[in-house]
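Encoded as structure tokens, the structure appears first; notes follow it.
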Amino acid sequence: MTNFTTKLMIAAATAVVAAGTATAQTLKAEIPFAFRVGSKVMTAGSYQVATISNAVGIPMYRISGPKDSAVAMPTNSHDADKSWKQHGLPVLAFVCTGDRCSLAGLWNGSSRDAYNFARPKLGKNETARIVLIDLEGVQKAD
């Protein structure tokens, strides 16, 4: 894998979903393809992404749809990509090879930090493309 491809994948594989002061923010995404979250395969569809609190301060995210649900824990964090900050919308990032896509990251649209998620390694002759899906806030009745 070339250095440029590695940098592109790292930049596009960022993510964060910010927690609100009282409750976690929930974001919605329409994902038009099947994808992996860790080892779990998720079907195409409408998904909600919510922050899960934990005692050690490491953020975890619940990704739930009509048929599937998974929990993802970031592998690392870094500054969000400059172009994402300019766009200003929350985003999910996927790394896709052929017809296989894996969640690589997400960003909440306002935080400085972004997070990466574990995903399968590319094969020797595989090339990846980055697919970005915008997220929107979900209003919940209290």
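Letters A, B, ... go to the chains of the structure tokens in the order shown; residues in each chain start at 1; ligands are counted from 1 in the same order.
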For stretch 47-80 of chain A against stretch 28-40 of chain A, with a cut-off of 8 Å and counting only C-alpha atoms, what is the closest atom pair and its distance in Å to one decimal for every residue that makes the cut, ordered by chain and number, as JSON lines?
```
{"residue": "A:Tyr47", "atom": "CA", "partner": "A:Ala29", "partner_atom": "CA", "distance": 5.2}
{"residue": "A:Gln48", "atom": "CA", "partner": "A:Lys28", "partner_atom": "CA", "distance": 4.4}
{"residue": "A:Val49", "atom": "CA", "partner": "A:Lys28", "partner_atom": "CA", "distance": 6.2}
{"residue": "A:Ala70", "atom": "CA", "partner": "A:Val37", "partner_atom": "CA", "distance": 6.7}
{"residue": "A:Val71", "atom": "CA", "partner": "A:Val37", "partner_atom": "CA", "distance": 7.7}
{"residue": "A:Ala72", "atom": "CA", "partner": "A:Val37", "partner_atom": "CA", "distance": 6.6}
```
- request: Provide the atom CA of A:Asp81 to atom CA of A:Arg100 distance in Å, to one decimal place.
  value: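 Computing it gives 23.8 Å between the two atoms.
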task: Measure the distance from atom CA of A:Lys121 to atom CA of A:Gly88 in Å and round it to one decimal.
output: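 Between atom CA of A:Lys121 and atom CA of A:Gly88 the gap works out to 29.4 Å.
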statement: In Å and to one decimal, atom CA of A:Lys82 is distant from atom CA of A:Val131 by 16.7 Å
- request: From the DSSP assignment of the backbone, select every residue of stretch 32-126 of chain A that is alpha helix (DSSP H), and format the answer as number ranges by chain.
  value: A: 82-87
Strand (DSSP E or B) positions in stretch 13-142 of chain A, given as a short mmCIF file (atom, residue, chain, number, x, y, z; two decimals) with N, CA and C atoms, in the first residue's frame:
```
data_model
loop_
_atom_site.label_atom_id
_atom_site.label_comp_id
_atom_site.auth_asym_id
_atom_site.auth_seq_id
_atom_site.Cartn_x
_atom_site.Cartn_y
_atom_site.Cartn_z
N ALA A 19 -21.06 13.37 23.07
CA ALA A 19 -22.11 13.19 24.08
C ALA A 19 -22.60 14.57 24.51
N ALA A 24 -26.75 11.28 25.51
CA ALA A 24 -25.91 11.16 24.32
C ALA A 24 -26.68 11.64 23.10
N THR A 26 -27.85 11.40 19.36
CA THR A 26 -28.08 10.31 18.44
C THR A 26 -28.11 10.87 17.03
N LEU A 27 -27.39 10.23 16.14
CA LEU A 27 -27.32 10.65 14.75
C LEU A 27 -27.89 9.55 13.87
N LYS A 28 -28.40 9.93 12.70
CA LYS A 28 -29.02 8.98 11.79
C LYS A 28 -28.27 8.97 10.47
N ALA A 29 -28.16 7.78 9.87
CA ALA A 29 -27.52 7.64 8.56
C ALA A 29 -28.30 6.66 7.70
N GLU A 30 -28.43 6.97 6.43
CA GLU A 30 -28.98 6.05 5.44
C GLU A 30 -27.78 5.43 4.74
N ILE A 31 -27.55 4.15 4.98
CA ILE A 31 -26.37 3.48 4.42
C ILE A 31 -26.86 2.54 3.31
N PHE A 35 -22.27 -3.55 5.21
CA PHE A 35 -20.98 -3.13 5.74
C PHE A 35 -20.65 -3.92 6.99
N ARG A 36 -19.40 -3.87 7.40
CA ARG A 36 -18.93 -4.52 8.62
C ARG A 36 -18.69 -3.50 9.70
N VAL A 37 -19.02 -3.91 10.92
CA VAL A 37 -18.61 -3.19 12.13
C VAL A 37 -17.86 -4.25 12.92
N LYS A 40 -18.95 -8.08 12.64
CA LYS A 40 -20.38 -8.22 12.35
C LYS A 40 -20.74 -7.58 11.01
N VAL A 41 -21.48 -8.33 10.19
CA VAL A 41 -21.94 -7.81 8.90
C VAL A 41 -23.33 -7.20 9.10
N MET A 42 -23.49 -5.96 8.64
CA MET A 42 -24.74 -5.22 8.77
C MET A 42 -25.34 -5.05 7.38
N GLY A 45 -29.40 0.02 5.03
CA GLY A 45 -30.62 0.52 5.64
C GLY A 45 -30.40 1.79 6.44
N SER A 46 -31.40 2.12 7.24
CA SER A 46 -31.38 3.31 8.09
C SER A 46 -30.81 2.94 9.45
N TYR A 47 -29.78 3.66 9.89
CA TYR A 47 -29.11 3.36 11.16
C TYR A 47 -29.06 4.58 12.06
N GLN A 48 -29.09 4.32 13.37
CA GLN A 48 -28.86 5.35 14.36
C GLN A 48 -27.53 5.07 15.03
N VAL A 49 -26.78 6.13 15.27
CA VAL A 49 -25.47 6.02 15.90
C VAL A 49 -25.53 6.82 17.20
N ALA A 50 -25.27 6.16 18.32
CA ALA A 50 -25.35 6.82 19.63
C ALA A 50 -24.10 6.52 20.45
N THR A 51 -23.69 7.49 21.24
CA THR A 51 -22.57 7.31 22.15
C THR A 51 -23.02 6.49 23.34
N ILE A 52 -22.18 5.54 23.75
CA ILE A 52 -22.44 4.74 24.95
C ILE A 52 -21.43 5.18 25.99
N MET A 60 -17.58 4.59 23.21
CA MET A 60 -18.04 3.45 22.41
C MET A 60 -19.30 3.93 21.72
N TYR A 61 -19.62 3.32 20.60
CA TYR A 61 -20.75 3.76 19.80
C TYR A 61 -21.65 2.58 19.46
N ARG A 62 -22.96 2.77 19.66
CA ARG A 62 -23.95 1.77 19.26
C ARG A 62 -24.47 2.16 17.89
N ILE A 63 -24.39 1.24 16.96
CA ILE A 63 -24.90 1.44 15.61
C ILE A 63 -26.06 0.47 15.47
N SER A 64 -27.27 1.01 15.38
CA SER A 64 -28.44 0.13 15.36
C SER A 64 -29.37 0.50 14.22
N SER A 69 -27.60 -4.60 14.96
CA SER A 69 -27.06 -3.69 15.97
C SER A 69 -25.66 -4.15 16.32
N ALA A 70 -24.76 -3.19 16.52
CA ALA A 70 -23.38 -3.53 16.88
C ALA A 70 -22.81 -2.40 17.73
N VAL A 71 -21.79 -2.74 18.49
CA VAL A 71 -21.07 -1.75 19.29
C VAL A 71 -19.66 -1.65 18.73
N ALA A 72 -19.21 -0.41 18.53
CA ALA A 72 -17.86 -0.17 17.99
C ALA A 72 -17.06 0.66 18.99
N ASN A 76 -8.22 4.60 17.90
CA ASN A 76 -7.43 5.79 18.20
C ASN A 76 -8.19 7.04 17.81
N SER A 77 -7.65 8.18 18.22
CA SER A 77 -8.26 9.47 17.87
C SER A 77 -7.20 10.41 17.34
N HIS A 78 -7.65 11.43 16.63
CA HIS A 78 -6.77 12.46 16.09
C HIS A 78 -7.61 13.64 15.64
N ASP A 79 -6.97 14.71 15.20
CA ASP A 79 -7.72 15.87 14.71
C ASP A 79 -8.57 15.45 13.51
N VAL A 91 -20.24 12.80 9.88
CA VAL A 91 -20.01 11.87 8.77
C VAL A 91 -19.55 10.50 9.28
N LEU A 92 -19.98 9.46 8.59
CA LEU A 92 -19.44 8.11 8.76
C LEU A 92 -18.49 7.87 7.59
N ALA A 93 -17.38 7.22 7.85
CA ALA A 93 -16.43 6.88 6.79
C ALA A 93 -16.33 5.36 6.69
N PHE A 94 -16.35 4.87 5.47
CA PHE A 94 -16.22 3.44 5.20
C PHE A 94 -15.05 3.24 4.25
N VAL A 95 -14.32 2.15 4.44
CA VAL A 95 -13.29 1.72 3.49
C VAL A 95 -13.88 0.54 2.74
N CYS A 96 -13.93 0.66 1.41
CA CYS A 96 -14.56 -0.37 0.59
C CYS A 96 -13.56 -0.94 -0.40
N THR A 97 -13.57 -2.26 -0.54
CA THR A 97 -12.79 -2.97 -1.56
C THR A 97 -13.78 -3.86 -2.29
N ARG A 100 -17.17 -5.09 -0.65
CA ARG A 100 -17.05 -5.21 0.81
C ARG A 100 -16.68 -3.87 1.42
N CYS A 101 -17.49 -3.43 2.38
CA CYS A 101 -17.22 -2.15 3.05
C CYS A 101 -17.15 -2.37 4.55
N SER A 102 -16.29 -1.62 5.21
CA SER A 102 -16.14 -1.69 6.67
C SER A 102 -16.18 -0.29 7.25
N LEU A 103 -16.85 -0.17 8.40
CA LEU A 103 -16.85 1.11 9.11
C LEU A 103 -15.41 1.44 9.48
N ALA A 104 -14.98 2.63 9.11
CA ALA A 104 -13.61 3.04 9.40
C ALA A 104 -13.58 4.20 10.38
N GLY A 105 -14.66 5.00 10.42
CA GLY A 105 -14.67 6.11 11.35
C GLY A 105 -15.95 6.91 11.32
N LEU A 106 -16.05 7.85 12.25
CA LEU A 106 -17.15 8.80 12.25
C LEU A 106 -16.74 10.06 12.99
N TRP A 107 -17.39 11.16 12.63
CA TRP A 107 -17.09 12.47 13.20
C TRP A 107 -18.41 13.19 13.44
N ASP A 113 -11.69 16.46 17.72
CA ASP A 113 -11.21 15.08 17.59
C ASP A 113 -12.10 14.24 16.70
N ALA A 114 -11.50 13.22 16.14
CA ALA A 114 -12.17 12.22 15.33
C ALA A 114 -11.59 10.86 15.72
N TYR A 115 -12.31 9.79 15.42
CA TYR A 115 -11.90 8.44 15.81
C TYR A 115 -11.83 7.48 14.64
N ASN A 116 -10.90 6.55 14.72
CA ASN A 116 -10.78 5.44 13.76
C ASN A 116 -11.29 4.16 14.40
N ARG A 129 -11.45 2.18 -1.73
CA ARG A 129 -12.04 3.49 -1.97
C ARG A 129 -12.71 3.92 -0.67
N ILE A 130 -12.78 5.20 -0.45
CA ILE A 130 -13.40 5.75 0.74
C ILE A 130 -14.81 6.20 0.38
N VAL A 131 -15.78 5.79 1.20
CA VAL A 131 -17.17 6.21 1.00
C VAL A 131 -17.59 6.97 2.26
N LEU A 132 -18.07 8.19 2.07
CA LEU A 132 -18.52 9.02 3.18
C LEU A 132 -20.04 9.13 3.16
N ILE A 133 -20.65 8.97 4.33
CA ILE A 133 -22.10 9.09 4.49
C ILE A 133 -22.37 10.18 5.51
N ASP A 134 -23.10 11.22 5.11
CA ASP A 134 -23.46 12.29 6.05
C ASP A 134 -24.45 11.77 7.08
N GLU A 136 -27.28 12.92 10.23
CA GLU A 136 -28.14 14.02 10.68
C GLU A 136 -28.62 13.73 12.09
N GLY A 137 -28.88 14.78 12.85
CA GLY A 137 -29.34 14.63 14.22
C GLY A 137 -30.75 14.06 14.26
#
```
Using only C-alpha atoms: which of A:Asp68, A:Thr127, A:Pro120, A:Pro90 has the shortest distance to A:Asn108: A:Pro90
